Amino acid sequence: MENQYNISSVLVLNRFNLSSKTVFPALIFATLSYVIILFCNLILILTIVLNKSLHQPMYLILLNLPINDLIGSSAFFLPTINEILTNRKTMQYSACFAQAFFIHIYAAGAVFILSAMAYDRYNAICCPLKYNTVMTCANIMRIITVVWICCFVLITVLFFLLSRLPRCRSELTHPYCDNPSLLALVCANTAINNIYGLLIVALSQLISNGMILYTYLQILVTCFRSKRSDTKAKALQTCTTHLTVFLLLECLGLFTIISYRIKSISPHLRWFMGVSTLILPPTFNPIIYGLKTKEIKVKVVHFIRNKIFSS
C-alpha cells in the first residue's frame with residue numbers, strides 16, 4: 001500500500017513552458033514587476049516610518065498593507081524569477097509548501113488589514129469626538145496584533161491539515177504553489193481540508209464585507225448630513241481610495257477562489273487571474289494611496305527629493 005504514495009521531496013514543474021525566444025522577455029517582465037513593487041512599497045513604508053507627522057492611527061494601520069504586499073509578491077516573484085533564470089523543472093516540496101503558506105498569509109492579511117482600516121475611518125468620520133479616546137496607540141497595536149495573529153493561526157491550521165496528507169502525484173501546473181494546487185497532489189480524502197478552507201473564506205468574507213458595508217454606509221450617512229463641504233470632500237476622497245483598493249483585491253481574489261470550484265473555467269484564465277492577484281494589488285496599492293492621500297503624497301515627494309536624489 002505504501003508504494004502508492006509519492007514520498008519524494010522533489011516536485012516536477014510544468015507551468016511556464018517558455019520557449020527560448022520568450023525566456024528573456026518573461027525574465028525582464030518578472031524582474032521589472034518585482035523591482036517596481038519593491039520600490040513603491042518600500043517608499044511608502046519608509047515615508048510613514050520616518051515622518052513623525054504620519055504616526056497616526058490611519059497611517060500606522062496602513063503601514064501593514066505594503067508590508068503584507070511585499071510578503072505576497074516576494075513569495076511569488078523570487079521563486080518565479082529563479083525558475084525562469086535557471087530554467088529548472090523541479091522544486092523542493094518544502095519550498096513549494098513555504099511559498100503557498102506565505103501567499104495565503106498575504107491573501108488573509110490583505111482582507112483583515114483593509115477591514116481594520118475601514119474601522120479606523122468609521123471612527124474618524126462618524127465618531128470624531130471619541131476618535132482620540134478609541135484609537136489610542138495601545139488600541140492600534142492591539143488591532144494590528146489581532147490582525148496578524150488571526151492570519152497566522154488560520155493559515156497555520158490550514159497547512160497543518162495539508163501536511164498530514166500523503167501525496168501520490170508530483171507534477172505542478174499552476175504558476176505558483178497554493179493550497180488547492182498542493183491538495184491536487186494528495187491521494188487521500190480531503191473533505192476536512194475543503195471544509196476548513198471554505199470556512200476560512202466564508203469567515204474572512206463575512207468579516208471584511210460586513211465591516212466595509214456597515215462602516216461605509218455609516219460614513220455616507222454622516223457625510224451627507226455634514227454641512228461642511230471640505231470635510232465631506234476629504235472624507236469621501238479617503239473612502240474612495242480605500243474602496244478602490246478593496247474592490248480590486250476582492251474581484252481578483254474571489255474570482256481566483258471560485259475558479260478552483262468551477263472546473264469548466266479555462267485554466268489559462270484561472271492562471272491569469274491568480275497571477276494578477278499577486279501582481280496588481282501590490283503594484284497599485286502604494287500608487288493609489290500615494291496619489292490620492294494628500295498627506296502621504298506630500299511626504300513621499302519630500303522623501304524622494306531629500307533622501308534619494310540629494311544623495
# chains A, B, ... in the order shown; residues from 1 in each chain; ligands from 1
$ residues_around --residues "Asn87 in chain A" --least-positions-apart "6" --cutoff "10 Å" --atoms "only C-alpha atoms" --output "list in words"
Phe16, Asn17, Leu18, Val23 and Ile81 of chain A
$ residues_around --residues "Gly210 in chain A" --least-positions-apart "5" --cutoff "12 Å" --atoms "only C-alpha atoms" --output "PyMOL selection string"
chain A and resi 111-112+114-116+118-119+202-205+215-217
$ residues_around --residues "Leu198 in chain A" --least-positions-apart "3" --cutoff "12 Å" --atoms "only C-alpha atoms" --output "PyMOL selection string"
chain A and resi 154+158+179-180+191-195+201-206+254+257-258+260-261
$ select_by_dssp --residues "range 40-260 of chain A" --states "helix (DSSP H, G or I)" --output "JSON, numbers by chain"
{"A": [40, 41, 42, 43, 44, 45, 46, 47, 48, 49, 50, 52, 53, 54, 57, 58, 59, 60, 61, 62, 64, 65, 66, 67, 68, 69, 70, 71, 72, 73, 74, 75, 76, 77, 78, 79, 80, 81, 82, 83, 84, 85, 86, 93, 94, 95, 96, 97, 98, 99, 100, 101, 102, 103, 104, 105, 106, 107, 108, 109, 110, 111, 112, 113, 114, 115, 116, 117, 118, 119, 120, 121, 122, 123, 124, 125, 126, 128, 129, 130, 131, 132, 133, 134, 137, 138, 139, 140, 141, 142, 143, 144, 145, 146, 147, 148, 149, 150, 151, 152, 153, 154, 155, 156, 157, 158, 159, 160, 161, 162, 163, 179, 180, 181, 182, 183, 191, 192, 193, 194, 195, 196, 197, 198, 199, 200, 201, 202, 203, 204, 205, 206, 207, 208, 209, 210, 211, 212, 213, 214, 215, 216, 217, 218, 219, 220, 221, 222, 223, 224, 225, 229, 230, 231, 232, 233, 234, 235, 236, 237, 238, 239, 240, 241, 242, 243, 244, 245, 246, 247, 248, 249, 250, 251, 252, 253, 254, 255, 256, 257, 258, 259, 260]}
$ select_by_dssp --residues "range 68-285 of chain A" --states "strand (DSSP E or B)" --output "ChimeraX atom specification"
/A:90-92,167,171-172,186
$ write_last_selection --atoms "all heavy atoms" --output "tab-separated table (two decimals), in the first residue's frame"
chain	number	residue	atom	x	y	z
A	90	THR	N	12.30	21.40	-11.61
A	90	THR	CA	11.98	20.73	-10.35
A	90	THR	C	11.97	21.75	-9.22
A	90	THR	O	12.56	22.83	-9.33
A	90	THR	CB	12.98	19.61	-10.02
A	90	THR	OG1	14.29	20.17	-9.90
A	90	THR	CG2	12.96	18.54	-11.09
A	91	MET	N	11.31	21.38	-8.13
A	91	MET	CA	11.23	22.26	-6.96
A	91	MET	C	11.06	21.40	-5.72
A	91	MET	O	10.33	20.40	-5.73
A	91	MET	CB	10.03	23.21	-7.10
A	91	MET	CG	9.89	24.23	-6.00
A	91	MET	SD	8.44	25.29	-6.31
A	91	MET	CE	8.75	26.63	-5.16
A	92	GLN	N	11.74	21.76	-4.66
A	92	GLN	CA	11.60	21.04	-3.41
A	92	GLN	C	10.18	21.23	-2.86
A	92	GLN	O	9.65	22.34	-2.89
A	92	GLN	CB	12.62	21.53	-2.38
A	92	GLN	CG	14.06	21.15	-2.69
A	92	GLN	CD	14.29	19.65	-2.55
A	92	GLN	OE1	13.74	18.99	-1.68
A	92	GLN	NE2	15.12	19.10	-3.43
A	167	ARG	N	0.99	12.08	-0.40
A	167	ARG	CA	0.95	12.51	-1.80
A	167	ARG	C	1.19	11.31	-2.73
A	167	ARG	O	1.96	10.41	-2.39
A	167	ARG	CB	2.02	13.56	-2.07
A	167	ARG	CG	1.77	14.91	-1.42
A	167	ARG	CD	2.95	15.85	-1.62
A	167	ARG	NE	4.08	15.51	-0.77
A	167	ARG	CZ	5.29	15.19	-1.21
A	167	ARG	NH1	5.53	15.13	-2.51
A	167	ARG	NH2	6.27	14.91	-0.37
A	171	GLU	N	3.45	16.48	-10.07
A	171	GLU	CA	3.52	17.47	-11.14
A	171	GLU	C	2.71	18.71	-10.79
A	171	GLU	O	1.53	18.63	-10.43
A	171	GLU	CB	3.01	16.89	-12.46
A	171	GLU	CG	3.17	17.86	-13.63
A	171	GLU	CD	2.63	17.28	-14.93
A	171	GLU	OE1	1.91	16.27	-14.87
A	171	GLU	OE2	2.92	17.86	-15.99
A	172	LEU	N	3.34	19.88	-10.90
A	172	LEU	CA	2.68	21.16	-10.65
A	172	LEU	C	2.49	21.91	-11.96
A	172	LEU	O	3.44	22.10	-12.71
A	172	LEU	CB	3.54	22.02	-9.71
A	172	LEU	CG	3.46	21.74	-8.21
A	172	LEU	CD1	4.48	22.59	-7.49
A	172	LEU	CD2	2.07	22.00	-7.67
A	186	VAL	N	-2.50	15.27	-3.57
A	186	VAL	CA	-2.83	14.35	-2.48
A	186	VAL	C	-3.66	13.18	-2.98
A	186	VAL	O	-4.47	13.31	-3.90
A	186	VAL	CB	-3.59	15.12	-1.37
A	186	VAL	CG1	-4.24	14.17	-0.37
A	186	VAL	CG2	-2.65	16.08	-0.67
$ residues_around --residues "Thr283 in chain A" --least-positions-apart "6" --cutoff "9 Å" --atoms "only C-alpha atoms" --output "list in words"
Ser33, Tyr34, Ile36, Ile37, Leu38, Cys40, Asn41 and Asp69 of chain A
$ residues_around --residues "Ile296 in chain A" --least-positions-apart "3" --cutoff "9 Å" --atoms "only C-alpha atoms" --output "MDAnalysis selection string"
chainID A and resid 44 47:48 54 59 289:293 299:301
$ write_last_selection --atoms "C-alpha atoms" --output "compact mmCIF listing (two decimals), in the first residue's frame"
# COMPACT_ATOMS: atom_id res chain seq x y z
CA LEU A 44 5.56 54.07 1.28
CA THR A 47 7.76 57.59 4.29
CA ILE A 48 5.41 56.55 7.10
CA LEU A 54 2.33 60.32 9.87
CA TYR A 59 -1.16 55.53 8.69
CA TYR A 289 -2.53 55.74 -1.61
CA GLY A 290 0.43 57.87 -2.65
CA LEU A 291 -1.55 59.83 -5.24
CA LYS A 292 -4.92 60.01 -3.51
CA THR A 293 -3.84 60.72 0.09
CA LYS A 299 5.74 63.37 2.33
CA VAL A 300 6.66 60.95 -0.46
CA VAL A 301 7.71 63.80 -2.76
$ residues_around --residues "range 136-148 of chain A" --least-positions-apart "3" --cutoff "9 Å" --atoms "only C-alpha atoms" --output "list in words"
Gln56, Pro57, Leu60, Ile61, Asn64, Ile105, Gly109, Phe112, Ile113, Ala116, Tyr131, Asn132, Thr133, Cys151, Phe152 and Val153 of chain A
$ residues_around --residues "Lys89 in chain A" --least-positions-apart "6" --cutoff "12 Å" --atoms "only C-alpha atoms" --output "list in words"
Val10, Leu11, Val12, Leu13, Asn14, Arg15, Phe16, Asn17, Leu18, Pro79, Thr80, Asn82, Glu83, Ser170, Glu171, Leu172 and Thr173 of chain A
$ write_last_selection --atoms "all heavy atoms" --output "compact mmCIF listing (two decimals), in the first residue's frame"
# COMPACT_ATOMS: atom_id res chain seq x y z
N VAL A 10 10.84 16.06 -4.12
CA VAL A 10 11.02 16.89 -5.32
C VAL A 10 9.74 16.89 -6.15
O VAL A 10 9.16 15.84 -6.42
CB VAL A 10 12.20 16.37 -6.17
CG1 VAL A 10 12.35 17.22 -7.43
CG2 VAL A 10 13.49 16.40 -5.36
N LEU A 11 9.31 18.08 -6.56
CA LEU A 11 8.14 18.23 -7.41
C LEU A 11 8.57 18.60 -8.82
O LEU A 11 9.57 19.32 -9.00
CB LEU A 11 7.21 19.32 -6.87
CG LEU A 11 6.66 19.10 -5.45
CD1 LEU A 11 5.80 20.29 -5.04
CD2 LEU A 11 5.86 17.82 -5.36
N VAL A 12 7.83 18.12 -9.81
CA VAL A 12 8.12 18.41 -11.21
C VAL A 12 7.30 19.62 -11.65
O VAL A 12 6.08 19.66 -11.46
CB VAL A 12 7.79 17.20 -12.11
CG1 VAL A 12 8.06 17.54 -13.58
CG2 VAL A 12 8.58 15.98 -11.68
N LEU A 13 7.97 20.63 -12.21
CA LEU A 13 7.30 21.87 -12.62
C LEU A 13 6.95 21.81 -14.10
O LEU A 13 7.80 21.57 -14.95
CB LEU A 13 8.21 23.07 -12.36
CG LEU A 13 8.70 23.25 -10.92
CD1 LEU A 13 9.62 24.45 -10.83
CD2 LEU A 13 7.54 23.37 -9.95
N ASN A 14 5.67 22.02 -14.37
CA ASN A 14 5.20 22.04 -15.76
C ASN A 14 4.18 23.16 -15.88
O ASN A 14 3.01 22.95 -16.11
CB ASN A 14 4.57 20.69 -16.12
CG ASN A 14 4.16 20.64 -17.59
OD1 ASN A 14 4.68 21.38 -18.42
ND2 ASN A 14 3.20 19.78 -17.89
N ARG A 15 4.68 24.41 -15.71
CA ARG A 15 3.73 25.51 -15.64
C ARG A 15 3.99 26.64 -16.63
O ARG A 15 3.06 27.19 -17.20
CB ARG A 15 3.66 26.07 -14.22
CG ARG A 15 4.99 26.27 -13.51
CD ARG A 15 4.76 26.48 -12.02
NE ARG A 15 5.98 26.80 -11.29
CZ ARG A 15 6.03 26.92 -9.97
NH1 ARG A 15 4.94 26.73 -9.27
NH2 ARG A 15 7.15 27.21 -9.36
N PHE A 16 5.24 27.02 -16.86
CA PHE A 16 5.50 28.14 -17.75
C PHE A 16 5.77 27.69 -19.18
O PHE A 16 5.31 28.31 -20.13
CB PHE A 16 6.68 28.97 -17.22
CG PHE A 16 6.36 29.66 -15.91
CD1 PHE A 16 7.09 29.37 -14.77
CD2 PHE A 16 5.32 30.56 -15.82
CE1 PHE A 16 6.80 29.99 -13.56
CE2 PHE A 16 5.02 31.18 -14.62
CZ PHE A 16 5.76 30.89 -13.49
N ASN A 17 6.54 26.61 -19.34
CA ASN A 17 6.82 26.07 -20.67
C ASN A 17 7.27 27.16 -21.65
O ASN A 17 6.71 27.34 -22.74
CB ASN A 17 5.59 25.35 -21.24
CG ASN A 17 5.23 24.13 -20.42
OD1 ASN A 17 6.10 23.42 -19.92
ND2 ASN A 17 3.94 23.90 -20.25
N LEU A 18 8.29 27.91 -21.26
CA LEU A 18 8.77 29.02 -22.08
C LEU A 18 9.71 28.53 -23.16
O LEU A 18 10.58 27.69 -22.92
CB LEU A 18 9.49 30.04 -21.20
CG LEU A 18 8.66 30.70 -20.09
CD1 LEU A 18 9.54 31.55 -19.21
CD2 LEU A 18 7.52 31.52 -20.69
N PRO A 79 10.80 32.86 -6.30
CA PRO A 79 10.91 31.53 -6.93
C PRO A 79 10.68 31.57 -8.44
O PRO A 79 11.32 30.81 -9.19
CB PRO A 79 9.82 30.71 -6.24
CG PRO A 79 9.53 31.44 -4.97
CD PRO A 79 9.73 32.88 -5.29
N THR A 80 9.77 32.45 -8.89
CA THR A 80 9.47 32.53 -10.33
C THR A 80 10.67 33.03 -11.12
O THR A 80 11.02 32.46 -12.16
CB THR A 80 8.26 33.46 -10.56
OG1 THR A 80 7.12 32.95 -9.87
CG2 THR A 80 7.95 33.58 -12.04
N ASN A 82 13.78 32.93 -10.22
CA ASN A 82 14.81 31.89 -10.13
C ASN A 82 14.53 30.74 -11.10
O ASN A 82 15.44 30.23 -11.76
CB ASN A 82 14.90 31.37 -8.70
CG ASN A 82 16.02 30.36 -8.53
OD1 ASN A 82 17.13 30.57 -9.02
ND2 ASN A 82 15.74 29.27 -7.84
N GLU A 83 13.27 30.37 -11.22
CA GLU A 83 12.89 29.28 -12.13
C GLU A 83 13.13 29.66 -13.58
O GLU A 83 13.64 28.86 -14.38
CB GLU A 83 11.42 28.92 -11.91
CG GLU A 83 10.92 27.78 -12.79
CD GLU A 83 9.45 27.48 -12.57
OE1 GLU A 83 8.91 27.84 -11.51
OE2 GLU A 83 8.84 26.90 -13.49
N SER A 170 3.20 14.37 -8.31
CA SER A 170 4.32 15.29 -8.10
C SER A 170 4.43 16.38 -9.16
O SER A 170 5.39 17.14 -9.16
CB SER A 170 5.64 14.51 -8.05
OG SER A 170 5.84 13.83 -9.28
N GLU A 171 3.45 16.48 -10.07
CA GLU A 171 3.52 17.47 -11.14
C GLU A 171 2.71 18.71 -10.79
O GLU A 171 1.53 18.63 -10.43
CB GLU A 171 3.01 16.89 -12.46
CG GLU A 171 3.17 17.86 -13.63
CD GLU A 171 2.63 17.28 -14.93
OE1 GLU A 171 1.91 16.27 -14.87
OE2 GLU A 171 2.92 17.86 -15.99
N LEU A 172 3.34 19.88 -10.90
CA LEU A 172 2.68 21.16 -10.65
C LEU A 172 2.49 21.91 -11.96
O LEU A 172 3.44 22.10 -12.71
CB LEU A 172 3.54 22.02 -9.71
CG LEU A 172 3.46 21.74 -8.21
CD1 LEU A 172 4.48 22.59 -7.49
CD2 LEU A 172 2.07 22.00 -7.67
N THR A 173 1.25 22.33 -12.23
CA THR A 173 0.97 23.08 -13.46
C THR A 173 0.55 24.52 -13.16
O THR A 173 0.53 25.35 -14.06
CB THR A 173 -0.15 22.40 -14.26
OG1 THR A 173 -1.32 22.28 -13.43
CG2 THR A 173 0.28 21.02 -14.72
$ atom_distance --atom1 "CA of Thr86 in chain A" --atom2 "CA of Phe284 in chain A"
29.2 Å
$ closest_residue --among "A:Arg88, A:His104, A:Lys130, A:His55" --to "Cys177 in chain A" --atoms "only C-alpha atoms"
A:His104
$ closest_residue --among "A:Gln99, A:Thr22, A:Ser94, A:Ser276" --to "Leu78 in chain A" --atoms "only C-alpha atoms"
A:Gln99
